[in-house]
Amino acid sequence: MAANQMRGKVVTITSGKGGVGKTTTTANLGVALARLDQKVVVVDTDIGLRNLDVIMGLENRIVYDLVDVVEGRSKLKQALIKHKQLPELYLIPAAQTRDKTAVSPQDMIQITNELRKEFDFIILDSPAGIERGFRNALAPADEVLIVTNPEVSAVRDADRIIGLIEAQNKGPAKLILNRVKMDMVKRGEMLSPTDVTDILAIKLIGIIPEDELVVSASNNGIPVTLNETSKAGMAYRNIARRLMGESVPFMPLESNTGFFQRLAKLFTGD
């Protein structure tokens, strides 16, 4: 994409609580978009608790971080770490040891405006919760994706985040429902995707099934999207295509086609 044709898009990945798979989602969407020939930078905004570098297998290549750029010790290009397998994918890591107030919302707007000139997608991995880091990640967002699990506490926290996003005129956010176990849904032991979207009243952009390959992939620094046999990997690739404007049907997580016809309506708004 030529810089003078179109500005890059900033997508913020957030959640109401930790542990729902937000950083894993950021890494995998970055990989999936890069595989679709998009030039992508993923930015870890969780100062003091960086993890995105580990999931992407880049932790040993960090020289400069986000705070170094903000405080002038590094140029932006010096902080960019190129992915080993995907030349179109880059990471800007968070600072591990600095105070969370080292970066402001205005800093993030300035940095992402510079990145827009070079990248098709700038994906921001927001810290969980509603503190300064969340406001930093939200400030430059063109689109916000909320990651939640189909659990009552996670959905309640996601509902709170939706209100904050709308208050900042950054909505409507879209929903990624992570770690869905259809056998538990059928037994009534887990909220269904329909239950969650009824509660939150936002559009669903993706459902990630529970997949044991995700944990081993993250531990090995190889995002699961690179595994062609993984159902979760396929779900992330489908979300990436939807972010690019494609109409992609939800993949079946079970043989109940009627359930997925209802899901398709949730996505299309029909």
# chains A, B, ... in the order shown; residues from 1 in each chain; ligands from 1
>>> residues_around(residues="A:Thr148", least_positions_apart="4", cutoff="8 Å", atoms="only C-alpha atoms", output="PyMOL selection string")
chain A and resi 15-16+20-21+154-155+158+175-178
>>> residues_around(residues="A:His83", least_positions_apart="5", cutoff="9 Å", atoms="only C-alpha atoms", output="PyMOL selection string")
chain A and resi 56-58+88-91
>>> write_last_selection(atoms="C-alpha atoms", output="PDB file, in the first residue's frame")
ATOM      1  CA  MET A  56       5.575 -14.229  18.799  1.00  0.00           C
ATOM      2  CA  GLY A  57       8.965 -15.792  19.575  1.00  0.00           C
ATOM      3  CA  LEU A  58      10.764 -12.430  19.455  1.00  0.00           C
ATOM      4  CA  GLU A  88       5.484  -8.124   6.452  1.00  0.00           C
ATOM      5  CA  LEU A  89       5.006  -8.488  10.232  1.00  0.00           C
ATOM      6  CA  TYR A  90       6.665  -6.334  12.910  1.00  0.00           C
ATOM      7  CA  LEU A  91       6.481  -5.917  16.691  1.00  0.00           C
TER       8      LEU A  91
END
>>> residues_around(residues="A:Ile109", least_positions_apart="3", cutoff="6 Å", atoms="only C-alpha atoms", output="list in words")
Gln106, Thr112 and Pro140 of chain A
>>> select_by_dssp(residues="stretch 101-239 of chain A", states="helix (DSSP H, G or I)", output="PyMOL selection string")
chain A and resi 101-102+105-116+132-138+152-167+182-186+193-200+213-219+224-226+231-239
>>> atom_distance(atom1="atom CA of A:Ala141", atom2="atom CA of A:Lys170")
7.0 Å
>>> closest_residue(among="A:Val42, A:Ile81, A:Val144, A:Ile47", to="A:Ile165", atoms="only C-alpha atoms")
A:Val144
>>> atom_distance(atom1="atom CA of A:Ala34", atom2="atom CA of A:Lys22")
18.3 Å
>>> closest_residue(among="A:Asn51, A:Thr26, A:Ser74, A:Asn60", to="A:Gln96", atoms="only C-alpha atoms")
A:Asn51
